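Enquirer: The structure is given below, and queries will be raised subsequently.
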Amino acid sequence: MSNYDISSIIKQVRLERNISQEDFCDGICAVSTLSRIESTGRKPHKQILERILHSLELPIRYYYSSNDKNPIRSIVEKQILARISELDFNIGKLISKYKKLDTKMDNLEEQFFLMATGVEQEFKKDDCSVALDTYIKAIKLTILNFSQSNPIRYVYRSFLSDYELFLISSIARIEYKMGQKDIALERLQYVYDYINENERDLSEIYRYYSFLLSTLTDWHGQCKHYEMQKKLASEGIAHCNRFSTLSCLDRFLFFKAYSIAALNNGKHDNGMFLQAFYVIDATQDKDFKKYALRLLKESNFTD
């Protein structure tokens with residue numbers, strides 16, 4: 001998962017606020033210095049960078065992580081991410097190993113540690129309340145004004161890292177489990193819209209995006225937004241084909257068949273459901289199979 005290009009952030013936030021380089025640089029640095037930062041990506045002297053970030057009301061410590069990254073910690077981080085992407089949440093030992101390394105964690109490493117801890121709490125220990133507190137603590141390291149009660153689109157910045165997107169969607173997932181379905185759907189829809197509107201590169205996060213998209217597809221169906229469910233399910237199938245992955249393909253196939261049946265007053269194509277359950281059995285997704293069968297049992301679809 002990628003993080004930030006500080007020069008791009010500075011330029012975009014400045015332009016969003018309609019501030020010229022000349023006006024912005026007054027009392028901060030020479031115009032040529034800012035121009036060089038924005039055009040070449042060159043990292044400025046710490047004192048100048050802090051002035052720029054302060055003027056843009058961006059959290060200074062967020063953009064300062066240690067230059068001496070522990071290579072072992074980076075390896076463990078990749079191992080944890082690999083397991084999460086495969087929906088394998090047996091990551092407790094790896095999390096402990098990540099924390100116990102000699103070097104002190106910087107801000108972004110601490111955020112990753114809390115994010116992984118939240119995942120284990122949510123899925124392995126089934127403790128949503130504690131996991132929610134952990135996710136919120138993690139996201140507040142970089143989005144200082146984050147609050148569950150704030151309107152969604154006024155909380156987040158124009159640039160969000162992949163970790164922040166993961167945390168926002170994780171908070172939404174727990175809110176949904178706790179019955180706060182409207183705010184959860186709005187929050188997850190925001191992540192989906194953000195990724196697409198900013199044309200984020202999905203090659204590094206395609207498994208995470210599959211999971212996010214399948215969750216959003218399911219939630220829209222539960223809210224009886226069947227046209228949206230059908231649209232998202234079709235997008236999910238195309239996404240799986242694009243990256244040659246089976247991750248959540250069974251879910252997209254089922255939700256597409258389900259939404260079409262719902263839109264046609266229960267009349268459905270048995271072939272579409274058979275295809276979905278064939279993939280469900282092939283991927284051995286037992287929990288989703290139970291869920292899918294329950295949805296069909298509760299529906300009024302004709303045989």
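Letters for chains follow the order of the structure tokens (A, B, ...), residue numbers begin at 1 for each chain, and ligand numbers begin at 1 in the order shown.
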For A:Ile95, work out the shell of residues within 9 Å, counting only C-alpha atoms and skipping chain neighbours fewer than 3 positions away, then give it as a list in words.

Expert: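 So the residues in contact are Val76, Glu77, Ile80, Ile91, Gly92, Tyr98, Lys99, Lys100, Phe113, Ala116 and Thr117 of chain A.
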
Enquirer: Determine, counting only C-alpha atoms, which protein, DNA and RNA residues have an atom within 6 Å of an atom of stretch 244-250 of chain A; residues of the same chain fewer than 4 positions away are not included. Present the result as number ranges by chain.

Expert: A: 240, 276, 279-280

Enquirer: How would you write, as an MDAnalysis selection string, the set of residues in stretch 52-240 of chain A that DSSP gives as helix (DSSP H, G or I)?

Expert: chainID A and resid 52:55 60:63 71:85 92:100 107:124 128:139 152:154 162:177 181:197 206:222 226:240

Enquirer: List every residue of stretch 198-302 of chain A that has an atom at most 12 Å from any atom of stretch 159-165 of chain A, and for each one report the closest atom pair and its distance in Å to one decimal, counting only C-alpha atoms, with rows sorted by chain and then by increasing residue number, as JSON lines.

Expert:
```
{"residue": "A:Asn198", "atom": "CA", "partner": "A:Phe159", "partner_atom": "CA", "distance": 9.1}
{"residue": "A:Arg200", "atom": "CA", "partner": "A:Asp162", "partner_atom": "CA", "distance": 9.5}
{"residue": "A:Asp201", "atom": "CA", "partner": "A:Asp162", "partner_atom": "CA", "distance": 10.4}
{"residue": "A:Leu202", "atom": "CA", "partner": "A:Asp162", "partner_atom": "CA", "distance": 10.3}
{"residue": "A:Glu204", "atom": "CA", "partner": "A:Asp162", "partner_atom": "CA", "distance": 9.6}
{"residue": "A:Ile205", "atom": "CA", "partner": "A:Asp162", "partner_atom": "CA", "distance": 8.0}
{"residue": "A:Tyr206", "atom": "CA", "partner": "A:Asp162", "partner_atom": "CA", "distance": 11.4}
{"residue": "A:Tyr208", "atom": "CA", "partner": "A:Asp162", "partner_atom": "CA", "distance": 9.7}
{"residue": "A:Tyr209", "atom": "CA", "partner": "A:Leu165", "partner_atom": "CA", "distance": 10.1}
{"residue": "A:Leu212", "atom": "CA", "partner": "A:Leu165", "partner_atom": "CA", "distance": 10.0}
```

Enquirer: Can I get the selected residues back with all heavy atoms, as a short mmCIF file (atom, residue, chain, number, x, y, z; two decimals), in the first residue's frame?

Expert:
```
data_model
loop_
_atom_site.label_atom_id
_atom_site.label_comp_id
_atom_site.auth_asym_id
_atom_site.auth_seq_id
_atom_site.Cartn_x
_atom_site.Cartn_y
_atom_site.Cartn_z
N ASN A 198 -10.46 9.64 -8.00
CA ASN A 198 -9.04 9.99 -8.05
C ASN A 198 -8.23 9.02 -8.90
O ASN A 198 -7.00 9.12 -8.95
CB ASN A 198 -8.47 10.03 -6.62
CG ASN A 198 -8.97 11.22 -5.83
OD1 ASN A 198 -8.42 12.31 -5.91
ND2 ASN A 198 -10.04 11.02 -5.07
N ARG A 200 -7.30 5.97 -8.58
CA ARG A 200 -6.21 5.31 -7.87
C ARG A 200 -5.78 4.04 -8.58
O ARG A 200 -6.60 3.31 -9.15
CB ARG A 200 -6.66 4.97 -6.44
CG ARG A 200 -6.88 6.18 -5.56
CD ARG A 200 -5.58 6.91 -5.25
NE ARG A 200 -4.78 6.21 -4.29
CZ ARG A 200 -4.83 6.45 -2.98
NH1 ARG A 200 -5.64 7.37 -2.50
NH2 ARG A 200 -4.07 5.79 -2.13
N ASP A 201 -4.49 3.78 -8.55
CA ASP A 201 -3.94 2.57 -9.14
C ASP A 201 -4.37 1.37 -8.29
O ASP A 201 -4.02 1.27 -7.11
CB ASP A 201 -2.42 2.66 -9.19
CG ASP A 201 -1.77 1.43 -9.81
OD1 ASP A 201 -2.51 0.57 -10.33
OD2 ASP A 201 -0.53 1.32 -9.77
N LEU A 202 -5.14 0.47 -8.88
CA LEU A 202 -5.67 -0.67 -8.12
C LEU A 202 -4.74 -1.87 -8.12
O LEU A 202 -5.02 -2.88 -7.46
CB LEU A 202 -7.03 -1.09 -8.70
CG LEU A 202 -8.14 -0.04 -8.65
CD1 LEU A 202 -9.40 -0.60 -9.29
CD2 LEU A 202 -8.42 0.39 -7.22
N GLU A 204 -1.96 -2.50 -6.73
CA GLU A 204 -1.39 -2.87 -5.44
C GLU A 204 -2.46 -3.20 -4.40
O GLU A 204 -2.17 -3.80 -3.37
CB GLU A 204 -0.50 -1.75 -4.90
CG GLU A 204 0.76 -1.51 -5.73
CD GLU A 204 1.67 -0.47 -5.07
OE1 GLU A 204 1.31 0.02 -3.98
OE2 GLU A 204 2.71 -0.15 -5.65
N ILE A 205 -3.69 -2.82 -4.66
CA ILE A 205 -4.75 -3.00 -3.66
C ILE A 205 -5.96 -3.72 -4.24
O ILE A 205 -7.07 -3.59 -3.74
CB ILE A 205 -5.20 -1.64 -3.07
CG1 ILE A 205 -5.75 -0.72 -4.19
CG2 ILE A 205 -4.08 -0.97 -2.32
CD1 ILE A 205 -6.45 0.53 -3.65
N TYR A 206 -5.73 -4.52 -5.28
CA TYR A 206 -6.90 -5.11 -5.97
C TYR A 206 -7.67 -6.08 -5.09
O TYR A 206 -8.90 -6.17 -5.19
CB TYR A 206 -6.48 -5.77 -7.29
CG TYR A 206 -5.63 -7.01 -7.17
CD1 TYR A 206 -6.22 -8.27 -7.08
CD2 TYR A 206 -4.25 -6.94 -7.18
CE1 TYR A 206 -5.45 -9.41 -6.99
CE2 TYR A 206 -3.47 -8.06 -7.08
CZ TYR A 206 -4.07 -9.31 -6.99
OH TYR A 206 -3.29 -10.44 -6.88
N TYR A 208 -7.92 -5.90 -1.72
CA TYR A 208 -8.64 -5.05 -0.77
C TYR A 208 -9.83 -4.40 -1.46
O TYR A 208 -10.93 -4.34 -0.89
CB TYR A 208 -7.70 -3.98 -0.21
CG TYR A 208 -8.41 -2.76 0.32
CD1 TYR A 208 -9.19 -2.83 1.48
CD2 TYR A 208 -8.34 -1.53 -0.35
CE1 TYR A 208 -9.86 -1.71 1.95
CE2 TYR A 208 -9.01 -0.42 0.12
CZ TYR A 208 -9.77 -0.51 1.27
OH TYR A 208 -10.44 0.58 1.73
N TYR A 209 -9.64 -3.93 -2.69
CA TYR A 209 -10.73 -3.28 -3.41
C TYR A 209 -11.85 -4.28 -3.69
O TYR A 209 -13.04 -3.93 -3.64
CB TYR A 209 -10.22 -2.69 -4.72
CG TYR A 209 -11.25 -1.86 -5.45
CD1 TYR A 209 -11.63 -0.61 -4.97
CD2 TYR A 209 -11.85 -2.34 -6.62
CE1 TYR A 209 -12.58 0.15 -5.64
CE2 TYR A 209 -12.80 -1.58 -7.29
CZ TYR A 209 -13.16 -0.34 -6.79
OH TYR A 209 -14.11 0.41 -7.45
N LEU A 212 -13.77 -4.53 -0.44
CA LEU A 212 -14.55 -3.30 -0.23
C LEU A 212 -15.77 -3.28 -1.15
O LEU A 212 -16.89 -2.99 -0.73
CB LEU A 212 -13.65 -2.09 -0.50
CG LEU A 212 -14.26 -0.70 -0.35
CD1 LEU A 212 -13.17 0.31 0.03
CD2 LEU A 212 -14.93 -0.21 -1.63
#
```

Enquirer: Skipping near chain neighbours, those fewer than 5 positions away, what residues fall within 9 Å of A:Gln189 using only C-alpha atoms, listed as a PyMOL selection string?

Expert: chain A and resi 169+184+194+216
